[in-house]
$ cat start15.txt   # compact mmCIF, C-alpha atoms and all ligand atoms
# COMPACT_ATOMS: atom_id res chain seq x y z
CA MET A 16 45.23 118.56 -251.19
CA LYS A 17 43.61 117.04 -248.07
CA ALA A 18 40.38 116.45 -250.02
CA ALA A 19 42.29 114.75 -252.84
CA MET A 20 44.05 112.48 -250.34
CA LYS A 21 40.74 111.59 -248.69
CA GLN A 22 39.27 110.76 -252.08
CA ALA A 23 42.26 108.55 -252.89
CA GLY A 24 41.62 106.75 -249.57
CA ARG A 25 44.88 107.99 -248.03
CA GLN A 26 45.18 109.27 -244.51
CA THR A 27 46.27 112.89 -244.11
CA GLY A 28 49.93 112.99 -243.15
CA ALA A 29 50.67 109.49 -244.49
CA PHE A 30 54.19 108.92 -245.84
CA SER A 31 54.61 108.13 -249.50
CA GLU A 32 56.07 104.71 -250.31
CA GLU A 33 59.45 106.31 -251.01
CA GLU A 34 59.46 108.26 -247.74
CA ARG A 35 58.54 105.12 -245.79
CA ARG A 36 61.41 103.22 -247.38
CA GLY A 37 63.75 106.10 -246.53
CA VAL A 38 62.92 105.88 -242.84
CA TYR A 39 63.55 102.12 -242.72
CA ARG A 40 66.73 102.52 -244.76
CA ALA A 41 68.11 105.01 -242.22
CA ILE A 42 67.25 102.57 -239.41
CA TYR A 43 68.75 99.45 -240.99
CA GLU A 44 71.80 101.14 -242.52
CA ARG A 45 72.71 103.27 -239.48
CA ARG A 46 76.04 102.08 -238.13
CA ASP A 47 78.21 102.87 -235.18
CA VAL A 48 81.23 104.31 -237.01
CA ARG A 49 84.74 104.29 -235.57
CA SER A 50 86.79 103.95 -238.79
CA HIS A 51 86.59 105.45 -242.29
CA PHE A 52 86.23 109.07 -241.06
CA LEU A 53 87.36 111.66 -243.60
CA PRO A 54 89.07 114.85 -242.40
CA ASP A 55 86.67 117.17 -244.33
CA GLU A 56 84.81 119.69 -242.23
CA VAL A 57 81.12 119.00 -241.56
CA SER A 58 79.14 122.00 -242.80
CA ASP A 59 77.30 124.08 -240.23
CA ASP A 60 74.06 123.59 -242.18
CA VAL A 61 74.18 119.80 -241.96
CA LEU A 62 75.29 119.90 -238.35
CA ASN A 63 72.45 122.23 -237.53
CA ARG A 64 69.95 119.90 -239.25
CA ILE A 65 71.01 116.80 -237.32
CA MET A 66 71.12 118.68 -234.01
CA ASP A 67 67.69 120.11 -234.68
CA ALA A 68 66.48 116.55 -235.40
CA ALA A 69 67.83 115.63 -231.95
CA HIS A 70 66.07 118.64 -230.44
CA HIS A 71 62.74 117.35 -231.88
CA ALA A 72 62.95 114.05 -229.99
CA PRO A 73 60.14 113.08 -227.63
CA SER A 74 60.76 114.03 -224.00
CA VAL A 75 58.91 113.39 -220.77
CA GLY A 76 56.54 116.29 -219.97
CA PHE A 77 58.13 118.10 -222.97
CA MET A 78 61.07 118.67 -220.67
CA GLN A 79 63.80 118.56 -223.33
CA PRO A 80 66.43 117.82 -220.68
CA TRP A 81 69.37 117.67 -223.12
CA ASP A 82 72.28 120.00 -223.92
CA PHE A 83 74.79 119.52 -226.73
CA ILE A 84 78.45 120.47 -226.39
CA LEU A 85 79.87 120.83 -229.87
CA ILE A 86 83.60 120.10 -229.90
CA ARG A 87 85.84 120.90 -232.85
CA GLU A 88 88.99 122.06 -231.04
CA ALA A 89 91.78 119.47 -231.48
CA SER A 90 93.28 120.06 -228.01
CA VAL A 91 89.94 119.24 -226.35
CA ARG A 92 89.54 116.11 -228.47
CA ARG A 93 93.11 115.07 -227.56
CA ALA A 94 92.28 115.35 -223.85
CA VAL A 95 89.14 113.23 -224.35
CA HIS A 96 91.14 110.70 -226.38
CA CYS A 97 93.66 110.31 -223.48
CA ASN A 98 90.70 109.74 -221.15
CA PHE A 99 89.38 107.05 -223.56
CA GLU A 100 92.77 105.31 -223.82
CA SER A 101 93.16 104.91 -220.07
CA ALA A 102 89.50 103.87 -219.61
CA SER A 103 89.90 101.29 -222.37
CA ARG A 104 93.12 99.93 -220.83
CA ARG A 105 91.24 99.46 -217.55
CA ALA A 106 88.28 97.82 -219.31
CA ALA A 107 90.62 95.44 -221.16
CA GLN A 108 91.70 93.92 -217.86
CA SER A 109 88.29 92.27 -217.43
CA TYR A 110 88.95 90.01 -220.45
CA GLN A 111 91.36 87.11 -220.71
CA GLY A 112 92.97 84.93 -223.35
CA GLU A 113 91.47 85.03 -226.83
CA GLN A 114 88.74 87.46 -225.82
CA ARG A 115 91.38 89.87 -224.48
CA ALA A 116 93.33 89.59 -227.75
CA LEU A 117 90.13 90.29 -229.69
CA TYR A 118 89.29 93.26 -227.42
CA ASP A 119 92.76 94.70 -228.00
CA SER A 120 92.23 94.44 -231.77
CA LEU A 121 88.93 96.37 -231.77
CA LYS A 122 88.72 100.01 -232.77
CA LEU A 123 86.33 101.47 -230.21
CA ALA A 124 86.47 105.24 -230.83
CA GLY A 125 87.24 107.79 -233.53
CA ILE A 126 87.67 110.84 -231.28
CA LEU A 127 90.67 112.27 -233.12
CA GLU A 128 89.75 111.18 -236.65
CA ALA A 129 86.20 112.58 -236.57
CA PRO A 130 86.30 116.37 -237.12
CA VAL A 131 83.31 116.99 -234.85
CA ASN A 132 82.53 115.49 -231.45
CA ILE A 133 79.31 116.15 -229.56
CA CYS A 134 78.79 115.49 -225.87
CA VAL A 135 75.10 115.10 -224.97
CA THR A 136 74.14 115.77 -221.37
CA CYS A 137 70.95 115.38 -219.36
CA ASP A 138 69.70 117.89 -216.78
CA HIS A 139 67.50 115.89 -214.37
CA TYR A 140 66.41 119.05 -212.57
CA ARG A 141 65.27 121.15 -215.53
CA ALA A 142 62.03 122.85 -214.53
CA LYS A 143 60.62 122.72 -218.06
CA GLY A 144 57.61 120.38 -218.15
CA SER A 145 56.88 120.96 -214.43
CA GLY A 146 57.76 117.38 -213.52
CA LEU A 147 54.94 115.87 -215.60
CA GLY A 148 55.57 112.13 -216.05
CA ARG A 149 58.64 112.16 -213.82
CA GLN A 150 57.20 111.51 -210.37
CA THR A 151 57.13 107.73 -210.72
CA ASP A 152 60.44 107.16 -212.48
CA PRO A 153 63.32 109.62 -212.30
CA ALA A 154 65.14 107.80 -215.10
CA VAL A 155 62.73 109.11 -217.75
CA ALA A 156 64.80 112.29 -218.23
CA LEU A 157 67.70 110.06 -219.25
CA TYR A 158 65.46 108.05 -221.58
CA SER A 159 64.33 111.29 -223.23
CA THR A 160 67.94 112.28 -223.83
CA VAL A 161 68.70 108.91 -225.38
CA CYS A 162 65.78 109.52 -227.78
CA ALA A 163 67.52 112.74 -228.84
CA VAL A 164 70.74 110.84 -229.51
CA GLN A 165 68.94 108.28 -231.64
CA ASN A 166 67.22 111.04 -233.66
CA LEU A 167 70.62 112.61 -234.31
CA TRP A 168 72.12 109.25 -235.27
CA LEU A 169 69.39 108.46 -237.80
CA ALA A 170 69.36 111.99 -239.26
CA ALA A 171 73.15 111.79 -239.61
CA ARG A 172 72.82 108.52 -241.55
CA ALA A 173 70.32 110.17 -243.90
CA GLU A 174 72.91 112.97 -244.38
CA SER A 175 75.63 110.32 -245.04
CA LEU A 176 77.50 111.34 -241.89
CA GLY A 177 79.04 108.69 -239.67
CA VAL A 178 78.41 108.74 -235.91
CA GLY A 179 80.20 106.68 -233.27
CA TRP A 180 79.09 106.54 -229.63
CA VAL A 181 81.93 106.37 -227.09
CA SER A 182 81.04 105.20 -223.60
CA ILE A 183 84.48 103.91 -222.59
CA LEU A 184 85.33 107.09 -220.70
CA ASP A 185 85.82 108.18 -217.13
CA MET A 186 82.73 110.40 -216.95
CA ASP A 187 83.91 112.47 -213.95
CA GLU A 188 87.13 113.28 -215.76
CA LEU A 189 85.15 114.08 -218.92
CA LYS A 190 83.03 116.52 -216.91
CA THR A 191 86.21 118.26 -215.77
CA ILE A 192 87.63 118.42 -219.31
CA LEU A 193 84.41 119.90 -220.70
CA GLY A 194 83.47 122.01 -217.66
CA ILE A 195 80.15 120.22 -217.23
CA PRO A 196 78.33 121.02 -213.93
CA PRO A 197 78.46 118.02 -211.53
CA ALA A 198 74.64 117.70 -211.29
CA LEU A 199 74.28 116.92 -215.02
CA SER A 200 74.65 113.39 -216.42
CA ILE A 201 76.70 112.70 -219.50
CA VAL A 202 74.54 110.52 -221.73
CA ALA A 203 76.63 110.24 -224.88
CA TYR A 204 79.95 111.24 -226.38
CA LEU A 205 79.61 111.14 -230.16
CA CYS A 206 82.26 111.26 -232.90
CA ILE A 207 80.82 112.67 -236.12
CA GLY A 208 82.16 113.16 -239.62
CA ASN A 209 81.97 112.38 -243.30
CA VAL A 210 83.01 108.82 -244.05
CA SER A 211 84.41 106.93 -247.02
CA GLU A 212 81.99 104.05 -246.48
CA PHE A 213 79.36 102.57 -244.18
CA ASN A 214 79.84 98.93 -243.21
CA SER A 215 76.89 96.66 -243.94
CA GLN A 216 77.11 94.92 -240.56
CA PRO A 217 78.06 96.10 -237.06
CA ASP A 218 81.84 96.17 -236.47
CA LEU A 219 81.46 93.93 -233.42
CA GLU A 220 79.70 91.33 -235.58
CA ALA A 221 82.28 91.57 -238.37
CA LYS A 222 85.12 91.10 -235.86
CA GLY A 223 83.43 88.08 -234.20
CA TRP A 224 82.73 89.77 -230.84
CA GLU A 225 78.92 89.46 -230.84
CA THR A 226 75.99 88.65 -233.12
CA ARG A 227 72.47 90.08 -233.41
CA SER A 228 69.86 88.10 -231.45
CA THR A 229 66.63 87.17 -233.19
CA LEU A 230 63.51 89.29 -232.65
CA GLU A 231 61.72 86.09 -231.58
CA SER A 232 64.19 85.52 -228.72
CA VAL A 233 63.24 88.88 -227.13
CA THR A 234 59.49 88.85 -227.81
CA HIS A 235 57.00 87.75 -225.14
CA LEU A 236 53.26 87.29 -225.43
CA ASP A 237 50.97 88.70 -222.74
CA ARG A 238 53.38 87.79 -219.90
CA TRP A 239 57.12 87.36 -219.41
CA GLN A 240 58.16 83.95 -220.65
CA GLY A 241 61.39 82.69 -219.14
CA ALA A 242 63.89 80.60 -221.07
C1 LIG B 1 74.92 103.40 -225.12
C2 LIG B 1 75.89 102.96 -226.16
C3 LIG B 1 77.26 102.99 -225.90
C4 LIG B 1 78.19 102.57 -226.85
N1 LIG B 1 79.54 102.67 -226.59
C5 LIG B 1 80.44 102.33 -227.54
C6 LIG B 1 81.84 102.51 -227.33
O1 LIG B 1 82.31 103.01 -226.31
N2 LIG B 1 82.69 102.15 -228.31
C7 LIG B 1 82.24 101.60 -229.48
O2 LIG B 1 83.04 101.28 -230.34
N3 LIG B 1 80.91 101.44 -229.71
C8 LIG B 1 80.02 101.80 -228.77
N4 LIG B 1 78.67 101.65 -229.02
C9 LIG B 1 78.23 101.11 -230.31
C10 LIG B 1 77.82 99.65 -230.25
O3 LIG B 1 78.95 98.84 -230.14
C11 LIG B 1 77.03 99.32 -231.53
O4 LIG B 1 75.85 100.08 -231.52
C12 LIG B 1 76.66 97.85 -231.65
O5 LIG B 1 77.83 97.08 -231.78
C13 LIG B 1 75.76 97.58 -232.87
O6 LIG B 1 76.35 98.12 -234.05
P1 LIG B 1 75.63 99.20 -234.95
O7 LIG B 1 75.37 100.40 -234.09
O8 LIG B 1 76.60 99.50 -236.06
O9 LIG B 1 74.34 98.60 -235.43
C14 LIG B 1 77.74 102.07 -228.10
C15 LIG B 1 76.35 102.06 -228.38
C16 LIG B 1 75.45 102.49 -227.43
C17 LIG B 1 73.98 102.47 -227.75
$ encode --input "start15.txt" --output "structure tokens" --more "lines below"
Ligand SMILES: Cc1cc2nc3c(=O)[nH]c(=O)nc-3n(C[C@H](O)[C@H](O)[C@H](O)COP(=O)(O)O)c2cc1C
Amino acid sequence: MKAAMKQAGRQTGAFSEEERRGVYRAIYERRDVRSHFLPDEVSDDVLNRIMDAAHHAPSVGFMQPWDFILIREASVRRAVHCNFESASRRAAQSYQGEQRALYDSLKLAGILEAPVNICVTCDHYRAKGSGLGRQTDPAVALYSTVCAVQNLWLAARAESLGVGWVSILDMDELKTILGIPPALSIVAYLCIGNVSEFNSQPDLEAKGWETRSTLESVTHLDRWQGA
């Protein structure tokens, strides 16, 4: 096989054209999903695949600082939903006039509608990796955990599962609800489920809250170029 690939001028391990397209499709068609969740259960097999994709994310020093709390129990999700509602009411107060009205019209979480929620935490003190790569920047454990979330999000899109990230939460209260040790950081609270459709553009863009900036506007050459 390897010899045949070499002869054909292809690098060992190269993706086929179809595989390459699949990766980009998952990236461009991934959406943050808050609506359109279906009540059907997510099979353990699929859930296991997307969590294993998360567990194969890069991590500083191979530390793998993440843990995943899988939440299916309705009473737990109800408690988290109450937390979200009060946090969102508080957040709403920082907007006025038309922007406040628009904020109030946004759907910003699907905690109760999504049959599965996953809370992803980061353990900054995990001994695994013996501190390699962490001496200069303690935030890298968090960055590693975010990589795991993104892996899960993309794998879920490839499995046609919707994922919505909820950050409008009182994190201390969430730790109490889920029994998370105080020293851990909560990185993400995710709502996951089968969906009836994926929107083609971000919800916040469709509702007129924000638009995507151009790649050019965030690209610098050799040195930072101010506006
Ligand atoms: C760290 C993080 C926190 C987020 N928190 C929320 C949230 O609390 N509620 C919400 O509706 N969307 C949340 N989002 C989703 C963003 O609004 C969404 O990614 C953005 O609007 C772009 O849309 P897209 O993900 O569909 O491309 C969050 C995304 C990230 C990365």
$ axis_aligned_box --input "start15.txt" --around "ligand LIG 1 (chain B)" --padding-each-side "5 Å" --output "AutoDock Vina command-line options"
--center_x 78.5 --center_y 100.2 --center_z -230.6 --size_x 19.1 --size_y 16.3 --size_z 20.9
$ atom_distance --input "start15.txt" --atom1 "atom CA of Cys97 of chain A" --atom2 "atom CA of Gly125 of chain A"
12.2 Å
$ residues_near_ligand --input "start15.txt" --ligand "ligand LIG 1 (chain B)" --cutoff "7 Å" --atoms "all atoms listed in the file" --output "number ranges by chain"
A: 45-49, 122-124, 179-183, 216-219
$ residues_around --input "start15.txt" --residues "Ala154 of chain A" --least-positions-apart "4" --cutoff "12 Å" --atoms "all atoms listed in the file" --output "list in words"
Ser74, Val75, Pro80, Cys137, Asp138, His139, Tyr140, Gly148, Arg149, Gln150, Tyr158, Ser159, Thr160, Val161, Ser200 and Val202 of chain A
$ write_last_selection --input "start15.txt" --atoms "C-alpha atoms" --output "compact mmCIF listing (two decimals), in the frame of the given file"
# COMPACT_ATOMS: atom_id res chain seq x y z
CA SER A 74 60.76 114.03 -224.00
CA VAL A 75 58.91 113.39 -220.77
CA PRO A 80 66.43 117.82 -220.68
CA CYS A 137 70.95 115.38 -219.36
CA ASP A 138 69.70 117.89 -216.78
CA HIS A 139 67.50 115.89 -214.37
CA TYR A 140 66.41 119.05 -212.57
CA GLY A 148 55.57 112.13 -216.05
CA ARG A 149 58.64 112.16 -213.82
CA GLN A 150 57.20 111.51 -210.37
CA TYR A 158 65.46 108.05 -221.58
CA SER A 159 64.33 111.29 -223.23
CA THR A 160 67.94 112.28 -223.83
CA VAL A 161 68.70 108.91 -225.38
CA SER A 200 74.65 113.39 -216.42
CA VAL A 202 74.54 110.52 -221.73
$ atom_distance --input "start15.txt" --atom1 "atom CA of Val95 of chain A" --atom2 "atom CA of Ile126 of chain A"
7.5 Å
$ closest_residue --input "start15.txt" --among "A:Val135, A:Ala68, A:Ala129, A:Leu184" --to "Glu100 of chain A" --atoms "all atoms listed in the file"
A:Leu184
$ closest_residue --input "start15.txt" --among "A:Met78, A:Ile207, A:Leu147, A:Leu230" --to "Ala170 of chain A" --atoms "all atoms listed in the file"
A:Ile207
$ closest_residue --input "start15.txt" --among "A:Pro196, A:Glu128, A:Ala142, A:Gly76" --to "His96 of chain A" --atoms "all atoms listed in the file"
A:Glu128
$ residues_around --input "start15.txt" --residues "segment 53-61 of chain A" --least-positions-apart "3" --cutoff "6 Å" --atoms "all atoms listed in the file" --output "list in words"
Arg64, Asn209 and Val210 of chain A
$ atom_distance --input "start15.txt" --atom1 "atom CA of Asp152 of chain A" --atom2 "atom CA of Ile65 of chain A"
28.7 Å
$ closest_residue --input "start15.txt" --among "A:Ala173, A:Tyr204, A:Ser101, A:Glu33" --to "Asn132 of chain A" --atoms "all atoms listed in the file"
A:Tyr204
$ decode --input "start15.txt" --residues "segment 26-50 of chain A" --atoms "N, CA, C and O atoms" --output "PDB file, in the first residue's frame"
ATOM      1  N   GLN A  26       1.796  11.281  -0.539  1.00  0.00           N
ATOM      2  CA  GLN A  26       2.429  11.148   0.766  1.00  0.00           C
ATOM      3  C   GLN A  26       1.679  10.086   1.580  1.00  0.00           C
ATOM      4  O   GLN A  26       0.450  10.000   1.511  1.00  0.00           O
ATOM      5  N   THR A  27       2.423   9.311   2.356  1.00  0.00           N
ATOM      6  CA  THR A  27       1.776   8.345   3.250  1.00  0.00           C
ATOM      7  C   THR A  27       0.933   9.102   4.261  1.00  0.00           C
ATOM      8  O   THR A  27       1.386  10.105   4.811  1.00  0.00           O
ATOM      9  N   GLY A  28      -0.280   8.646   4.478  1.00  0.00           N
ATOM     10  CA  GLY A  28      -1.140   9.307   5.462  1.00  0.00           C
ATOM     11  C   GLY A  28      -1.934  10.466   4.894  1.00  0.00           C
ATOM     12  O   GLY A  28      -2.689  11.112   5.628  1.00  0.00           O
ATOM     13  N   ALA A  29      -1.772  10.768   3.602  1.00  0.00           N
ATOM     14  CA  ALA A  29      -2.529  11.886   3.009  1.00  0.00           C
ATOM     15  C   ALA A  29      -4.017  11.542   2.972  1.00  0.00           C
ATOM     16  O   ALA A  29      -4.385  10.380   2.802  1.00  0.00           O
ATOM     17  N   PHE A  30      -4.861  12.550   3.153  1.00  0.00           N
ATOM     18  CA  PHE A  30      -6.310  12.357   3.043  1.00  0.00           C
ATOM     19  C   PHE A  30      -6.688  12.247   1.573  1.00  0.00           C
ATOM     20  O   PHE A  30      -6.094  12.916   0.715  1.00  0.00           O
ATOM     21  N   SER A  31      -7.711  11.467   1.305  1.00  0.00           N
ATOM     22  CA  SER A  31      -8.263  11.458  -0.056  1.00  0.00           C
ATOM     23  C   SER A  31      -9.018  12.774  -0.236  1.00  0.00           C
ATOM     24  O   SER A  31      -9.328  13.464   0.751  1.00  0.00           O
ATOM     25  N   GLU A  32      -9.352  13.100  -1.475  1.00  0.00           N
ATOM     26  CA  GLU A  32     -10.078  14.332  -1.770  1.00  0.00           C
ATOM     27  C   GLU A  32     -11.402  14.384  -0.981  1.00  0.00           C
ATOM     28  O   GLU A  32     -11.769  15.402  -0.384  1.00  0.00           O
ATOM     29  N   GLU A  33     -12.074  13.227  -0.932  1.00  0.00           N
ATOM     30  CA  GLU A  33     -13.369  13.171  -0.247  1.00  0.00           C
ATOM     31  C   GLU A  33     -13.202  13.382   1.269  1.00  0.00           C
ATOM     32  O   GLU A  33     -13.986  14.102   1.899  1.00  0.00           O
ATOM     33  N   GLU A  34     -12.160  12.786   1.827  1.00  0.00           N
ATOM     34  CA  GLU A  34     -11.916  12.953   3.264  1.00  0.00           C
ATOM     35  C   GLU A  34     -11.593  14.422   3.591  1.00  0.00           C
ATOM     36  O   GLU A  34     -12.068  14.971   4.579  1.00  0.00           O
ATOM     37  N   ARG A  35     -10.787  15.018   2.733  1.00  0.00           N
ATOM     38  CA  ARG A  35     -10.405  16.426   2.933  1.00  0.00           C
ATOM     39  C   ARG A  35     -11.651  17.318   2.936  1.00  0.00           C
ATOM     40  O   ARG A  35     -11.835  18.164   3.801  1.00  0.00           O
ATOM     41  N   ARG A  36     -12.517  17.072   1.957  1.00  0.00           N
ATOM     42  CA  ARG A  36     -13.757  17.851   1.885  1.00  0.00           C
ATOM     43  C   ARG A  36     -14.608  17.648   3.131  1.00  0.00           C
ATOM     44  O   ARG A  36     -15.253  18.575   3.618  1.00  0.00           O
ATOM     45  N   GLY A  37     -14.609  16.417   3.643  1.00  0.00           N
ATOM     46  CA  GLY A  37     -15.395  16.103   4.837  1.00  0.00           C
ATOM     47  C   GLY A  37     -14.955  16.915   6.041  1.00  0.00           C
ATOM     48  O   GLY A  37     -15.781  17.412   6.816  1.00  0.00           O
ATOM     49  N   VAL A  38     -13.632  17.060   6.173  1.00  0.00           N
ATOM     50  CA  VAL A  38     -13.112  17.838   7.314  1.00  0.00           C
ATOM     51  C   VAL A  38     -13.558  19.296   7.204  1.00  0.00           C
ATOM     52  O   VAL A  38     -14.084  19.884   8.161  1.00  0.00           O
ATOM     53  N   TYR A  39     -13.385  19.877   6.012  1.00  0.00           N
ATOM     54  CA  TYR A  39     -13.790  21.282   5.846  1.00  0.00           C
ATOM     55  C   TYR A  39     -15.301  21.446   5.993  1.00  0.00           C
ATOM     56  O   TYR A  39     -15.792  22.439   6.520  1.00  0.00           O
ATOM     57  N   ARG A  40     -16.052  20.439   5.538  1.00  0.00           N
ATOM     58  CA  ARG A  40     -17.513  20.533   5.663  1.00  0.00           C
ATOM     59  C   ARG A  40     -17.903  20.586   7.139  1.00  0.00           C
ATOM     60  O   ARG A  40     -18.747  21.388   7.540  1.00  0.00           O
ATOM     61  N   ALA A  41     -17.279  19.739   7.951  1.00  0.00           N
ATOM     62  CA  ALA A  41     -17.590  19.747   9.394  1.00  0.00           C
ATOM     63  C   ALA A  41     -17.261  21.118   9.987  1.00  0.00           C
ATOM     64  O   ALA A  41     -18.010  21.659  10.804  1.00  0.00           O
ATOM     65  N   ILE A  42     -16.149  21.705   9.554  1.00  0.00           N
ATOM     66  CA  ILE A  42     -15.740  23.009  10.095  1.00  0.00           C
ATOM     67  C   ILE A  42     -16.730  24.114   9.699  1.00  0.00           C
ATOM     68  O   ILE A  42     -17.206  24.874  10.542  1.00  0.00           O
ATOM     69  N   TYR A  43     -17.049  24.169   8.398  1.00  0.00           N
ATOM     70  CA  TYR A  43     -17.904  25.271   7.936  1.00  0.00           C
ATOM     71  C   TYR A  43     -19.371  25.076   8.308  1.00  0.00           C
ATOM     72  O   TYR A  43     -20.115  26.046   8.456  1.00  0.00           O
ATOM     73  N   GLU A  44     -19.805  23.845   8.449  1.00  0.00           N
ATOM     74  CA  GLU A  44     -21.230  23.607   8.728  1.00  0.00           C
ATOM     75  C   GLU A  44     -21.499  23.323  10.208  1.00  0.00           C
ATOM     76  O   GLU A  44     -22.625  23.036  10.591  1.00  0.00           O
ATOM     77  N   ARG A  45     -20.444  23.361  11.043  1.00  0.00           N
ATOM     78  CA  ARG A  45     -20.686  23.277  12.495  1.00  0.00           C
ATOM     79  C   ARG A  45     -21.454  24.525  12.912  1.00  0.00           C
ATOM     80  O   ARG A  45     -21.196  25.606  12.418  1.00  0.00           O
ATOM     81  N   ARG A  46     -22.429  24.350  13.767  1.00  0.00           N
ATOM     82  CA  ARG A  46     -23.200  25.488  14.271  1.00  0.00           C
ATOM     83  C   ARG A  46     -23.336  25.391  15.772  1.00  0.00           C
ATOM     84  O   ARG A  46     -23.303  24.295  16.345  1.00  0.00           O
ATOM     85  N   ASP A  47     -23.477  26.525  16.422  1.00  0.00           N
ATOM     86  CA  ASP A  47     -23.894  26.498  17.812  1.00  0.00           C
ATOM     87  C   ASP A  47     -25.417  26.354  17.784  1.00  0.00           C
ATOM     88  O   ASP A  47     -26.119  27.198  17.233  1.00  0.00           O
ATOM     89  N   VAL A  48     -25.913  25.245  18.364  1.00  0.00           N
ATOM     90  CA  VAL A  48     -27.334  24.911  18.235  1.00  0.00           C
ATOM     91  C   VAL A  48     -28.050  25.142  19.562  1.00  0.00           C
ATOM     92  O   VAL A  48     -27.642  24.613  20.599  1.00  0.00           O
ATOM     93  N   ARG A  49     -29.098  25.946  19.506  1.00  0.00           N
ATOM     94  CA  ARG A  49     -29.916  26.161  20.720  1.00  0.00           C
ATOM     95  C   ARG A  49     -31.348  25.743  20.473  1.00  0.00           C
ATOM     96  O   ARG A  49     -32.111  25.498  21.396  1.00  0.00           O
ATOM     97  N   SER A  50     -31.771  25.712  19.166  1.00  0.00           N
ATOM     98  CA  SER A  50     -33.142  25.338  18.812  1.00  0.00           C
ATOM     99  C   SER A  50     -33.083  24.061  17.975  1.00  0.00           C
ATOM    100  O   SER A  50     -31.992  23.595  17.652  1.00  0.00           O
TER     101      SER A  50
END
